[in-house]
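Below you'll find the structure, written out as structure tokens, and then a few comments.
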Amino acid sequence: MVNWAQMRDCWFDVDRVPELLERVERQDDAEAWKELGWRLVLEHDLVSPASFAALPRLVCLAPRSAEARGLAGRILERAAGQHGCDDLLADCDGTIAEFREVLDRHLRSRPADYLVSFRALLAVEEEYHWANALEGFTDDINGVDCPHCGAGVTIVIGDFGCYSQVWEGGEEIRRGLRPACTEELTGTGRWMHQITVRDGQEVLANGIAYLFGKAECPRCGSVFNVADEYTSASRPVLR
């Protein structure tokens, strides 16, 4: 049993989260879900003891609730941060394993909340960087530095094209990105690609191939791995 008197939420209260959980367990309550969201994940960044204490109940609701899946995923996306709740997180091992199965079944159904649930699965697999960074590849724009000449390079992956870009004297210079073929993908990139292909998510699968592919620096012509440089530029500071 959870001793909620010791489980402060992100606003340092100990009584509201259990009350709100009871409300959403009885019925789908939009206002209760909204308040739970900002009590368990403060400003989309910080989590608290109540966040991990709530996980088992959120995961119980997850098979039938998009709100529960999304909130549980956002909590786990921040599991590597400086929250001081390692013991509570360790107690959630069984719950996280259950959530993995829930998410895998849900993703296979090709749901409307696919991206949110896929990011949650990345967090479950402790791929915290990509769980926080992955977008939908409709118009993703990210800045990296060329590892060879240091130029600031814009990487674009989306509906308007897939290219690297720099500006020289007011002139735009572009170079097309080189997507990784299936045989070239390894590790996390290969796993992400396989899951999205399995589930018929063509836009995500195509974007991942470009994300884990190669870019040419329009200034110096050198070639680098997009995912490596994006990770280097944007990986959050973890504990």
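All residue names refer to the structure tokens as shown: chains lettered A, B, ... in order, residues numbered from 1 in each chain, ligands numbered from 1 in order.
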
Determine, for each residue of range 122-160 of chain A having at least one atom at most 9 Å from an atom of range 93-115 of chain A, the closest pair of atoms and their separation in Å to one decimal, counting only C-alpha atoms; order by chain and ascending number, as a Markdown table.
```
| residue | atom | partner | partner_atom | distance |
| --- | --- | --- | --- | --- |
| A:Val124 | CA | A:Arg100 | CA | 6.4 |
| A:Glu125 | CA | A:Arg100 | CA | 8.1 |
| A:Leu134 | CA | A:Leu115 | CA | 8.6 |
| A:Glu135 | CA | A:Leu115 | CA | 7.8 |
| A:Gly136 | CA | A:Leu115 | CA | 6.9 |
```

Any idea what's packed within 12 Å of range 79-83 of chain A, counting only C-alpha atoms, ignoring anything in its chain fewer than 5 positions away? Could you give it as a PDB file with all heavy atoms, in the first residue's frame?
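Contents of selection35.pdb, freshly written:
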```
ATOM      1  N   ASP A   9       3.332  15.777  -4.274  1.00  0.00           N
ATOM      2  CA  ASP A   9       3.282  15.959  -5.719  1.00  0.00           C
ATOM      3  C   ASP A   9       4.142  17.152  -6.124  1.00  0.00           C
ATOM      4  O   ASP A   9       4.884  17.707  -5.302  1.00  0.00           O
ATOM      5  CB  ASP A   9       1.834  16.087  -6.211  1.00  0.00           C
ATOM      6  CG  ASP A   9       1.121  17.309  -5.628  1.00  0.00           C
ATOM      7  OD1 ASP A   9       1.767  18.324  -5.331  1.00  0.00           O
ATOM      8  OD2 ASP A   9      -0.127  17.235  -5.476  1.00  0.00           O
ATOM      9  N   CYS A  10       4.065  17.567  -7.367  1.00  0.00           N
ATOM     10  CA  CYS A  10       4.929  18.650  -7.848  1.00  0.00           C
ATOM     11  C   CYS A  10       4.588  20.000  -7.231  1.00  0.00           C
ATOM     12  O   CYS A  10       5.366  20.949  -7.363  1.00  0.00           O
ATOM     13  CB  CYS A  10       4.840  18.738  -9.371  1.00  0.00           C
ATOM     14  SG  CYS A  10       5.619  17.345 -10.234  1.00  0.00           S
ATOM     15  N   LEU A  40       1.607  15.834 -11.472  1.00  0.00           N
ATOM     16  CA  LEU A  40       2.549  14.729 -11.611  1.00  0.00           C
ATOM     17  C   LEU A  40       3.727  15.044 -12.534  1.00  0.00           C
ATOM     18  O   LEU A  40       4.787  14.418 -12.431  1.00  0.00           O
ATOM     19  CB  LEU A  40       1.829  13.478 -12.111  1.00  0.00           C
ATOM     20  CG  LEU A  40       0.742  12.932 -11.166  1.00  0.00           C
ATOM     21  CD1 LEU A  40       0.118  11.676 -11.754  1.00  0.00           C
ATOM     22  CD2 LEU A  40       1.310  12.645  -9.780  1.00  0.00           C
ATOM     23  N   VAL A  41       3.551  15.997 -13.452  1.00  0.00           N
ATOM     24  CA  VAL A  41       4.642  16.426 -14.327  1.00  0.00           C
ATOM     25  C   VAL A  41       4.592  17.940 -14.383  1.00  0.00           C
ATOM     26  O   VAL A  41       3.757  18.519 -15.065  1.00  0.00           O
ATOM     27  CB  VAL A  41       4.519  15.842 -15.748  1.00  0.00           C
ATOM     28  CG1 VAL A  41       5.721  16.269 -16.593  1.00  0.00           C
ATOM     29  CG2 VAL A  41       4.428  14.322 -15.712  1.00  0.00           C
ATOM     30  N   LEU A  42       5.481  18.582 -13.645  1.00  0.00           N
ATOM     31  CA  LEU A  42       5.452  20.030 -13.529  1.00  0.00           C
ATOM     32  C   LEU A  42       6.112  20.678 -14.740  1.00  0.00           C
ATOM     33  O   LEU A  42       7.287  20.448 -15.023  1.00  0.00           O
ATOM     34  CB  LEU A  42       6.176  20.481 -12.258  1.00  0.00           C
ATOM     35  CG  LEU A  42       6.210  21.986 -11.985  1.00  0.00           C
ATOM     36  CD1 LEU A  42       4.808  22.541 -11.827  1.00  0.00           C
ATOM     37  CD2 LEU A  42       7.037  22.280 -10.741  1.00  0.00           C
ATOM     38  N   ASP A  45       8.539  18.918 -17.194  1.00  0.00           N
ATOM     39  CA  ASP A  45       9.956  18.714 -16.935  1.00  0.00           C
ATOM     40  C   ASP A  45      10.204  17.933 -15.648  1.00  0.00           C
ATOM     41  O   ASP A  45      10.892  16.918 -15.644  1.00  0.00           O
ATOM     42  CB  ASP A  45      10.654  20.069 -16.866  1.00  0.00           C
ATOM     43  CG  ASP A  45      12.163  19.946 -16.700  1.00  0.00           C
ATOM     44  OD1 ASP A  45      12.694  18.907 -17.123  1.00  0.00           O
ATOM     45  OD2 ASP A  45      12.779  20.861 -16.161  1.00  0.00           O
ATOM     46  N   LEU A  46       9.655  18.397 -14.519  1.00  0.00           N
ATOM     47  CA  LEU A  46       9.955  17.814 -13.223  1.00  0.00           C
ATOM     48  C   LEU A  46       8.897  16.810 -12.792  1.00  0.00           C
ATOM     49  O   LEU A  46       7.712  16.977 -13.065  1.00  0.00           O
ATOM     50  CB  LEU A  46      10.064  18.925 -12.173  1.00  0.00           C
ATOM     51  CG  LEU A  46      11.130  19.997 -12.438  1.00  0.00           C
ATOM     52  CD1 LEU A  46      11.048  21.073 -11.369  1.00  0.00           C
ATOM     53  CD2 LEU A  46      12.514  19.376 -12.471  1.00  0.00           C
ATOM     54  N   VAL A  47       9.356  15.758 -12.093  1.00  0.00           N
ATOM     55  CA  VAL A  47       8.450  14.790 -11.496  1.00  0.00           C
ATOM     56  C   VAL A  47       8.730  14.711  -9.999  1.00  0.00           C
ATOM     57  O   VAL A  47       9.701  15.284  -9.507  1.00  0.00           O
ATOM     58  CB  VAL A  47       8.591  13.398 -12.148  1.00  0.00           C
ATOM     59  CG1 VAL A  47       8.048  13.406 -13.561  1.00  0.00           C
ATOM     60  CG2 VAL A  47      10.041  12.932 -12.143  1.00  0.00           C
ATOM     61  N   SER A  48       7.874  13.989  -9.280  1.00  0.00           N
ATOM     62  CA  SER A  48       7.925  13.976  -7.818  1.00  0.00           C
ATOM     63  C   SER A  48       7.651  12.567  -7.306  1.00  0.00           C
ATOM     64  O   SER A  48       7.325  11.671  -8.090  1.00  0.00           O
ATOM     65  CB  SER A  48       6.865  14.934  -7.277  1.00  0.00           C
ATOM     66  OG  SER A  48       5.572  14.441  -7.606  1.00  0.00           O
ATOM     67  N   PRO A  49       7.753  12.324  -5.991  1.00  0.00           N
ATOM     68  CA  PRO A  49       7.414  11.006  -5.460  1.00  0.00           C
ATOM     69  C   PRO A  49       6.009  10.543  -5.847  1.00  0.00           C
ATOM     70  O   PRO A  49       5.798   9.366  -6.161  1.00  0.00           O
ATOM     71  CB  PRO A  49       7.546  11.203  -3.942  1.00  0.00           C
ATOM     72  CG  PRO A  49       8.587  12.267  -3.794  1.00  0.00           C
ATOM     73  CD  PRO A  49       8.346  13.199  -4.942  1.00  0.00           C
ATOM     74  N   ALA A  50       5.053  11.459  -5.846  1.00  0.00           N
ATOM     75  CA  ALA A  50       3.681  11.074  -6.210  1.00  0.00           C
ATOM     76  C   ALA A  50       3.592  10.593  -7.650  1.00  0.00           C
ATOM     77  O   ALA A  50       2.733   9.759  -7.977  1.00  0.00           O
ATOM     78  CB  ALA A  50       2.738  12.257  -6.000  1.00  0.00           C
ATOM     79  N   SER A  51       4.477  11.083  -8.505  1.00  0.00           N
ATOM     80  CA  SER A  51       4.466  10.671  -9.911  1.00  0.00           C
ATOM     81  C   SER A  51       4.703   9.169 -10.033  1.00  0.00           C
ATOM     82  O   SER A  51       3.982   8.462 -10.751  1.00  0.00           O
ATOM     83  CB  SER A  51       5.531  11.440 -10.691  1.00  0.00           C
ATOM     84  OG  SER A  51       5.401  12.831 -10.506  1.00  0.00           O
ATOM     85  N   PHE A  52       5.719   8.664  -9.329  1.00  0.00           N
ATOM     86  CA  PHE A  52       6.029   7.235  -9.401  1.00  0.00           C
ATOM     87  C   PHE A  52       5.049   6.412  -8.580  1.00  0.00           C
ATOM     88  O   PHE A  52       4.733   5.269  -8.947  1.00  0.00           O
ATOM     89  CB  PHE A  52       7.468   7.001  -8.955  1.00  0.00           C
ATOM     90  CG  PHE A  52       8.471   7.669  -9.842  1.00  0.00           C
ATOM     91  CD1 PHE A  52       9.199   8.760  -9.409  1.00  0.00           C
ATOM     92  CD2 PHE A  52       8.667   7.237 -11.147  1.00  0.00           C
ATOM     93  CE1 PHE A  52      10.108   9.397 -10.225  1.00  0.00           C
ATOM     94  CE2 PHE A  52       9.573   7.872 -11.982  1.00  0.00           C
ATOM     95  CZ  PHE A  52      10.293   8.958 -11.523  1.00  0.00           C
ATOM     96  N   LEU A  55       2.096   5.612 -10.788  1.00  0.00           N
ATOM     97  CA  LEU A  55       2.297   4.814 -11.999  1.00  0.00           C
ATOM     98  C   LEU A  55       1.484   3.519 -12.043  1.00  0.00           C
ATOM     99  O   LEU A  55       0.852   3.223 -13.068  1.00  0.00           O
ATOM    100  CB  LEU A  55       3.781   4.501 -12.183  1.00  0.00           C
ATOM    101  CG  LEU A  55       4.584   5.421 -13.099  1.00  0.00           C
ATOM    102  CD1 LEU A  55       6.033   4.959 -13.171  1.00  0.00           C
ATOM    103  CD2 LEU A  55       3.984   5.483 -14.496  1.00  0.00           C
ATOM    104  N   ALA A  72       1.422   8.459 -17.994  1.00  0.00           N
ATOM    105  CA  ALA A  72       2.431   7.485 -17.560  1.00  0.00           C
ATOM    106  C   ALA A  72       3.688   7.611 -18.415  1.00  0.00           C
ATOM    107  O   ALA A  72       4.818   7.539 -17.913  1.00  0.00           O
ATOM    108  CB  ALA A  72       1.874   6.074 -17.638  1.00  0.00           C
ATOM    109  N   GLY A  73       3.500   7.830 -19.725  1.00  0.00           N
ATOM    110  CA  GLY A  73       4.648   8.002 -20.605  1.00  0.00           C
ATOM    111  C   GLY A  73       5.443   9.247 -20.271  1.00  0.00           C
ATOM    112  O   GLY A  73       6.681   9.207 -20.245  1.00  0.00           O
ATOM    113  N   ARG A  74       4.763  10.349 -19.989  1.00  0.00           N
ATOM    114  CA  ARG A  74       5.483  11.598 -19.671  1.00  0.00           C
ATOM    115  C   ARG A  74       6.271  11.457 -18.366  1.00  0.00           C
ATOM    116  O   ARG A  74       7.361  12.019 -18.233  1.00  0.00           O
ATOM    117  CB  ARG A  74       4.490  12.762 -19.571  1.00  0.00           C
ATOM    118  CG  ARG A  74       3.864  13.144 -20.902  1.00  0.00           C
ATOM    119  CD  ARG A  74       3.277  14.536 -20.891  1.00  0.00           C
ATOM    120  NE  ARG A  74       2.268  14.739 -19.875  1.00  0.00           N
ATOM    121  CZ  ARG A  74       0.980  14.429 -20.016  1.00  0.00           C
ATOM    122  NH1 ARG A  74       0.557  13.851 -21.132  1.00  0.00           N
ATOM    123  NH2 ARG A  74       0.115  14.674 -19.055  1.00  0.00           N
ATOM    124  N   LEU A  88      11.680   4.581  -5.396  1.00  0.00           N
ATOM    125  CA  LEU A  88      10.311   4.439  -5.895  1.00  0.00           C
ATOM    126  C   LEU A  88      10.304   3.942  -7.330  1.00  0.00           C
ATOM    127  O   LEU A  88       9.472   3.107  -7.707  1.00  0.00           O
ATOM    128  CB  LEU A  88       9.582   5.783  -5.800  1.00  0.00           C
ATOM    129  CG  LEU A  88       9.302   6.308  -4.397  1.00  0.00           C
ATOM    130  CD1 LEU A  88       8.715   7.713  -4.463  1.00  0.00           C
ATOM    131  CD2 LEU A  88       8.348   5.372  -3.657  1.00  0.00           C
ATOM    132  N   LEU A  89      11.225   4.443  -8.143  1.00  0.00           N
ATOM    133  CA  LEU A  89      11.312   3.990  -9.530  1.00  0.00           C
ATOM    134  C   LEU A  89      11.664   2.508  -9.590  1.00  0.00           C
ATOM    135  O   LEU A  89      11.089   1.753 -10.390  1.00  0.00           O
ATOM    136  CB  LEU A  89      12.352   4.815 -10.284  1.00  0.00           C
ATOM    137  CG  LEU A  89      12.574   4.465 -11.750  1.00  0.00           C
ATOM    138  CD1 LEU A  89      11.281   4.614 -12.545  1.00  0.00           C
ATOM    139  CD2 LEU A  89      13.675   5.357 -12.340  1.00  0.00           C
ATOM    140  N   ALA A  90      12.589   2.063  -8.738  1.00  0.00           N
ATOM    141  CA  ALA A  90      12.965   0.647  -8.708  1.00  0.00           C
ATOM    142  C   ALA A  90      11.772  -0.232  -8.337  1.00  0.00           C
ATOM    143  O   ALA A  90      11.630  -1.345  -8.852  1.00  0.00           O
ATOM    144  CB  ALA A  90      14.109   0.434  -7.724  1.00  0.00           C
ATOM    145  N   CYS A  92       8.902   0.150  -9.267  1.00  0.00           N
ATOM    146  CA  CYS A  92       7.965   0.141 -10.390  1.00  0.00           C
ATOM    147  C   CYS A  92       8.378  -0.819 -11.503  1.00  0.00           C
ATOM    148  O   CYS A  92       7.761  -0.816 -12.579  1.00  0.00           O
ATOM    149  CB  CYS A  92       7.829   1.553 -10.969  1.00  0.00           C
ATOM    150  SG  CYS A  92       6.968   2.727  -9.916  1.00  0.00           S
ATOM    151  N   ILE A  96       6.350  -1.223 -14.948  1.00  0.00           N
ATOM    152  CA  ILE A  96       6.924  -0.797 -16.221  1.00  0.00           C
ATOM    153  C   ILE A  96       6.902  -1.947 -17.225  1.00  0.00           C
ATOM    154  O   ILE A  96       6.618  -1.742 -18.414  1.00  0.00           O
ATOM    155  CB  ILE A  96       8.349  -0.257 -16.000  1.00  0.00           C
ATOM    156  CG1 ILE A  96       8.287   1.042 -15.185  1.00  0.00           C
ATOM    157  CG2 ILE A  96       9.062  -0.025 -17.328  1.00  0.00           C
ATOM    158  CD1 ILE A  96       9.634   1.563 -14.724  1.00  0.00           C
ATOM    159  N   ALA A 120       6.204   6.838 -25.335  1.00  0.00           N
ATOM    160  CA  ALA A 120       6.123   6.170 -24.038  1.00  0.00           C
ATOM    161  C   ALA A 120       6.885   4.846 -24.067  1.00  0.00           C
ATOM    162  O   ALA A 120       7.584   4.494 -23.110  1.00  0.00           O
ATOM    163  CB  ALA A 120       4.661   5.929 -23.652  1.00  0.00           C
ATOM    164  N   LEU A 122       9.449   4.158 -25.952  1.00  0.00           N
ATOM    165  CA  LEU A 122      10.870   4.511 -25.923  1.00  0.00           C
ATOM    166  C   LEU A 122      11.330   4.762 -24.488  1.00  0.00           C
ATOM    167  O   LEU A 122      12.420   4.341 -24.089  1.00  0.00           O
ATOM    168  CB  LEU A 122      11.122   5.747 -26.779  1.00  0.00           C
ATOM    169  CG  LEU A 122      11.057   5.548 -28.295  1.00  0.00           C
ATOM    170  CD1 LEU A 122      11.015   6.893 -29.012  1.00  0.00           C
ATOM    171  CD2 LEU A 122      12.240   4.732 -28.785  1.00  0.00           C
ATOM    172  N   ALA A 123      10.502   5.443 -23.701  1.00  0.00           N
ATOM    173  CA  ALA A 123      10.850   5.697 -22.298  1.00  0.00           C
ATOM    174  C   ALA A 123      10.895   4.396 -21.504  1.00  0.00           C
ATOM    175  O   ALA A 123      11.787   4.204 -20.664  1.00  0.00           O
ATOM    176  CB  ALA A 123       9.845   6.658 -21.676  1.00  0.00           C
ATOM    177  N   VAL A 124       9.950   3.508 -21.754  1.00  0.00           N
ATOM    178  CA  VAL A 124       9.943   2.204 -21.080  1.00  0.00           C
ATOM    179  C   VAL A 124      11.239   1.454 -21.370  1.00  0.00           C
ATOM    180  O   VAL A 124      11.804   0.783 -20.494  1.00  0.00           O
ATOM    181  CB  VAL A 124       8.718   1.383 -21.533  1.00  0.00           C
ATOM    182  CG1 VAL A 124       8.887  -0.088 -21.182  1.00  0.00           C
ATOM    183  CG2 VAL A 124       7.441   1.933 -20.897  1.00  0.00           C
ATOM    184  N   GLU A 125      11.718   1.572 -22.603  1.00  0.00           N
ATOM    185  CA  GLU A 125      12.961   0.900 -22.997  1.00  0.00           C
ATOM    186  C   GLU A 125      14.208   1.695 -22.591  1.00  0.00           C
ATOM    187  O   GLU A 125      15.315   1.357 -23.000  1.00  0.00           O
ATOM    188  CB  GLU A 125      12.960   0.675 -24.514  1.00  0.00           C
ATOM    189  CG  GLU A 125      11.839  -0.218 -25.011  1.00  0.00           C
ATOM    190  CD  GLU A 125      11.965  -1.649 -24.517  1.00  0.00           C
ATOM    191  OE1 GLU A 125      13.059  -2.026 -24.048  1.00  0.00           O
ATOM    192  OE2 GLU A 125      10.976  -2.398 -24.608  1.00  0.00           O
ATOM    193  N   GLU A 126      14.002   2.762 -21.802  1.00  0.00           N
ATOM    194  CA  GLU A 126      15.076   3.616 -21.295  1.00  0.00           C
ATOM    195  C   GLU A 126      15.828   4.350 -22.397  1.00  0.00           C
ATOM    196  O   GLU A 126      16.989   4.740 -22.233  1.00  0.00           O
ATOM    197  CB  GLU A 126      16.046   2.822 -20.411  1.00  0.00           C
ATOM    198  CG  GLU A 126      15.360   2.214 -19.190  1.00  0.00           C
ATOM    199  CD  GLU A 126      16.319   1.521 -18.242  1.00  0.00           C
ATOM    200  OE1 GLU A 126      17.545   1.533 -18.510  1.00  0.00           O
ATOM    201  OE2 GLU A 126      15.858   0.971 -17.223  1.00  0.00           O
ATOM    202  N   GLU A 127      15.153   4.576 -23.507  1.00  0.00           N
ATOM    203  CA  GLU A 127      15.692   5.425 -24.570  1.00  0.00           C
ATOM    204  C   GLU A 127      15.185   6.841 -24.318  1.00  0.00           C
ATOM    205  O   GLU A 127      14.394   7.412 -25.070  1.00  0.00           O
ATOM    206  CB  GLU A 127      15.249   4.902 -25.950  1.00  0.00           C
ATOM    207  CG  GLU A 127      15.805   3.554 -26.319  1.00  0.00           C
ATOM    208  CD  GLU A 127      17.318   3.585 -26.568  1.00  0.00           C
ATOM    209  OE1 GLU A 127      17.874   4.696 -26.708  1.00  0.00           O
ATOM    210  OE2 GLU A 127      17.935   2.511 -26.633  1.00  0.00           O
ATOM    211  N   TYR A 128      15.670   7.417 -23.216  1.00  0.00           N
ATOM    212  CA  TYR A 128      15.093   8.672 -22.725  1.00  0.00           C
ATOM    213  C   TYR A 128      15.308   9.837 -23.683  1.00  0.00           C
ATOM    214  O   TYR A 128      14.445  10.710 -23.826  1.00  0.00           O
ATOM    215  CB  TYR A 128      15.669   9.002 -21.343  1.00  0.00           C
ATOM    216  CG  TYR A 128      15.370   7.957 -20.309  1.00  0.00           C
ATOM    217  CD1 TYR A 128      16.395   7.217 -19.708  1.00  0.00           C
ATOM    218  CD2 TYR A 128      14.056   7.683 -19.929  1.00  0.00           C
ATOM    219  CE1 TYR A 128      16.118   6.246 -18.760  1.00  0.00           C
ATOM    220  CE2 TYR A 128      13.775   6.709 -18.980  1.00  0.00           C
ATOM    221  CZ  TYR A 128      14.814   6.000 -18.393  1.00  0.00           C
ATOM    222  OH  TYR A 128      14.540   5.033 -17.451  1.00  0.00           O
ATOM    223  N   HIS A 129      16.459   9.876 -24.329  1.00  0.00           N
ATOM    224  CA  HIS A 129      16.724  10.980 -25.242  1.00  0.00           C
ATOM    225  C   HIS A 129      15.694  11.015 -26.366  1.00  0.00           C
ATOM    226  O   HIS A 129      15.058  12.047 -26.624  1.00  0.00           O
ATOM    227  CB  HIS A 129      18.127  10.868 -25.826  1.00  0.00           C
ATOM    228  CG  HIS A 129      18.382  11.844 -26.932  1.00  0.00           C
ATOM    229  ND1 HIS A 129      18.383  13.202 -26.731  1.00  0.00           N
ATOM    230  CD2 HIS A 129      18.615  11.651 -28.256  1.00  0.00           C
ATOM    231  CE1 HIS A 129      18.612  13.815 -27.882  1.00  0.00           C
ATOM    232  NE2 HIS A 129      18.760  12.898 -28.819  1.00  0.00           N
ATOM    233  N   ALA A 131      12.825   9.453 -26.501  1.00  0.00           N
ATOM    234  CA  ALA A 131      11.468   9.591 -25.961  1.00  0.00           C
ATOM    235  C   ALA A 131      11.100  11.062 -25.817  1.00  0.00           C
ATOM    236  O   ALA A 131       9.941  11.452 -26.020  1.00  0.00           O
ATOM    237  CB  ALA A 131      11.353   8.890 -24.610  1.00  0.00           C
ATOM    238  N   ASN A 132      12.062  11.892 -25.465  1.00  0.00           N
ATOM    239  CA  ASN A 132      11.819  13.323 -25.306  1.00  0.00           C
ATOM    240  C   ASN A 132      11.947  14.090 -26.613  1.00  0.00           C
ATOM    241  O   ASN A 132      11.288  15.114 -26.805  1.00  0.00           O
ATOM    242  CB  ASN A 132      12.789  13.912 -24.276  1.00  0.00           C
ATOM    243  CG  ASN A 132      12.396  13.595 -22.855  1.00  0.00           C
ATOM    244  OD1 ASN A 132      11.562  14.264 -22.272  1.00  0.00           O
ATOM    245  ND2 ASN A 132      12.984  12.556 -22.271  1.00  0.00           N
ATOM    246  N   ARG A 235      21.045  16.358 -26.215  1.00  0.00           N
ATOM    247  CA  ARG A 235      20.842  15.443 -25.113  1.00  0.00           C
ATOM    248  C   ARG A 235      20.751  16.220 -23.789  1.00  0.00           C
ATOM    249  O   ARG A 235      21.629  17.016 -23.488  1.00  0.00           O
ATOM    250  CB  ARG A 235      21.987  14.428 -25.003  1.00  0.00           C
ATOM    251  CG  ARG A 235      21.734  13.366 -23.908  1.00  0.00           C
ATOM    252  CD  ARG A 235      22.936  12.447 -23.754  1.00  0.00           C
ATOM    253  NE  ARG A 235      23.137  11.617 -24.919  1.00  0.00           N
ATOM    254  CZ  ARG A 235      22.492  10.485 -25.159  1.00  0.00           C
ATOM    255  NH1 ARG A 235      21.560  10.071 -24.307  1.00  0.00           N
ATOM    256  NH2 ARG A 235      22.764   9.782 -26.235  1.00  0.00           N
ATOM    257  N   PRO A 236      19.720  15.973 -22.995  1.00  0.00           N
ATOM    258  CA  PRO A 236      19.597  16.689 -21.723  1.00  0.00           C
ATOM    259  C   PRO A 236      20.623  16.209 -20.710  1.00  0.00           C
ATOM    260  O   PRO A 236      21.162  15.117 -20.815  1.00  0.00           O
ATOM    261  CB  PRO A 236      18.168  16.329 -21.254  1.00  0.00           C
ATOM    262  CG  PRO A 236      17.908  14.991 -21.901  1.00  0.00           C
ATOM    263  CD  PRO A 236      18.608  15.037 -23.234  1.00  0.00           C
ATOM    264  N   VAL A 237      20.894  17.060 -19.735  1.00  0.00           N
ATOM    265  CA  VAL A 237      21.796  16.673 -18.652  1.00  0.00           C
ATOM    266  C   VAL A 237      21.037  15.746 -17.707  1.00  0.00           C
ATOM    267  O   VAL A 237      19.982  16.104 -17.166  1.00  0.00           O
ATOM    268  CB  VAL A 237      22.297  17.902 -17.872  1.00  0.00           C
ATOM    269  CG1 VAL A 237      23.153  17.471 -16.690  1.00  0.00           C
ATOM    270  CG2 VAL A 237      23.082  18.817 -18.804  1.00  0.00           C
ATOM    271  N   LEU A 238      21.548  14.540 -17.532  1.00  0.00           N
ATOM    272  CA  LEU A 238      20.880  13.549 -16.685  1.00  0.00           C
ATOM    273  C   LEU A 238      21.711  13.320 -15.437  1.00  0.00           C
ATOM    274  O   LEU A 238      22.858  13.705 -15.340  1.00  0.00           O
ATOM    275  CB  LEU A 238      20.692  12.233 -17.461  1.00  0.00           C
ATOM    276  CG  LEU A 238      19.951  12.349 -18.811  1.00  0.00           C
ATOM    277  CD1 LEU A 238      19.903  10.999 -19.488  1.00  0.00           C
ATOM    278  CD2 LEU A 238      18.547  12.910 -18.614  1.00  0.00           C
ATOM    279  N   ARG A 239      21.092  12.664 -14.470  1.00  0.00           N
ATOM    280  CA  ARG A 239      21.804  12.394 -13.228  1.00  0.00           C
ATOM    281  C   ARG A 239      22.860  11.324 -13.451  1.00  0.00           C
ATOM    282  O   ARG A 239      22.829  10.567 -14.375  1.00  0.00           O
ATOM    283  CB  ARG A 239      20.812  11.944 -12.157  1.00  0.00           C
ATOM    284  CG  ARG A 239      19.956  10.748 -12.537  1.00  0.00           C
ATOM    285  CD  ARG A 239      18.998  10.418 -11.425  1.00  0.00           C
ATOM    286  NE  ARG A 239      17.983   9.458 -11.859  1.00  0.00           N
ATOM    287  CZ  ARG A 239      18.153   8.155 -11.905  1.00  0.00           C
ATOM    288  NH1 ARG A 239      19.292   7.643 -11.550  1.00  0.00           N
ATOM    289  NH2 ARG A 239      17.181   7.371 -12.309  1.00  0.00           N
TER     290      ARG A 239
END
```

Q | alpha helix (DSSP H) positions in range 17-73 of chain A, given as a PyMOL selection string | A | chain A and resi 17-26+30-40+49-61+66-73

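Of the residues in range 8-156 of chain A, those that DSSP places in strand (DSSP E or B) on the basis of the backbone are A:Leu42, A:Leu46, A:Asp139, A:Asp140, A:Ile141, A:Asn142, A:Gly143, A:Val144, A:Asp145, A:Gly152, A:Val153, A:Thr154, A:Ile155, A:Val156.
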
Could you write out the selected residues, including C-alpha atoms, as a short mmCIF file (atom, residue, chain, number, x, y, z; two decimals), in the first residue's frame?
```
data_model
loop_
_atom_site.label_atom_id
_atom_site.label_comp_id
_atom_site.auth_asym_id
_atom_site.auth_seq_id
_atom_site.Cartn_x
_atom_site.Cartn_y
_atom_site.Cartn_z
CA LEU A 42 5.45 20.03 -13.53
CA LEU A 46 9.95 17.81 -13.22
CA ASP A 139 8.06 19.59 -40.45
CA ASP A 140 10.93 18.80 -38.05
CA ILE A 141 13.69 21.42 -38.00
CA ASN A 142 16.77 20.97 -35.81
CA GLY A 143 20.10 22.72 -35.54
CA VAL A 144 23.42 20.90 -35.27
CA ASP A 145 27.06 21.86 -35.67
CA GLY A 152 25.73 25.71 -37.79
CA VAL A 153 23.67 23.36 -39.97
CA THR A 154 19.89 23.20 -40.05
CA ILE A 155 18.50 19.70 -40.53
CA VAL A 156 15.01 19.52 -42.04
#
```

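Proximity to Gly207 in chain A was assessed for A:Gly158, A:Gly170, A:Gly37, A:Pro18 counting only C-alpha atoms; the smallest distance is recorded for A:Gly158.
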
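If only C-alpha atoms are the atoms counted, then among A:Lys214, A:His193, A:Cys162, A:Arg198 the closest residue to Ala180 in chain A is A:Lys214.
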
Q: Please provide as a VMD selection string all residues within 12 Å of Ala32 in chain A, with the sequence filter that same-chain residues fewer than 2 positions apart are discarded (counting only C-alpha atoms).
A: chain A and resid 16 to 30 34 to 40 67 to 68

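The spacing separating CA of Ile195 in chain A from CA of Arg175 in chain A amounts to 28.7 Å.
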
Q. What lies within 8 Å of Arg174 in chain A using only C-alpha atoms, ignoring chain neighbours under 6 positions off, as a PyMOL selection string?
A. chain A and resi 163-166+218

Kindly save the residues from that selection, with N, CA, C and O atoms included, as a short mmCIF file (atom, residue, chain, number, x, y, z; two decimals), in the first residue's frame.
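Now in part.cif:
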```cif
data_model
loop_
_atom_site.label_atom_id
_atom_site.label_comp_id
_atom_site.auth_asym_id
_atom_site.auth_seq_id
_atom_site.Cartn_x
_atom_site.Cartn_y
_atom_site.Cartn_z
N TYR A 163 16.64 17.73 -45.92
CA TYR A 163 17.87 18.33 -46.40
C TYR A 163 18.63 19.01 -45.25
O TYR A 163 18.08 19.28 -44.18
N SER A 164 19.91 19.26 -45.51
CA SER A 164 20.72 20.09 -44.62
C SER A 164 20.80 21.48 -45.26
O SER A 164 20.75 21.62 -46.49
N GLN A 165 20.97 22.50 -44.41
CA GLN A 165 20.89 23.87 -44.91
C GLN A 165 21.83 24.79 -44.14
O GLN A 165 21.94 24.69 -42.91
N VAL A 166 22.51 25.66 -44.85
CA VAL A 166 23.24 26.77 -44.23
C VAL A 166 22.96 28.02 -45.05
O VAL A 166 22.50 27.94 -46.20
N PRO A 218 26.66 21.69 -46.08
CA PRO A 218 26.68 22.50 -47.30
C PRO A 218 27.88 23.44 -47.39
O PRO A 218 28.21 23.92 -48.47
#
```
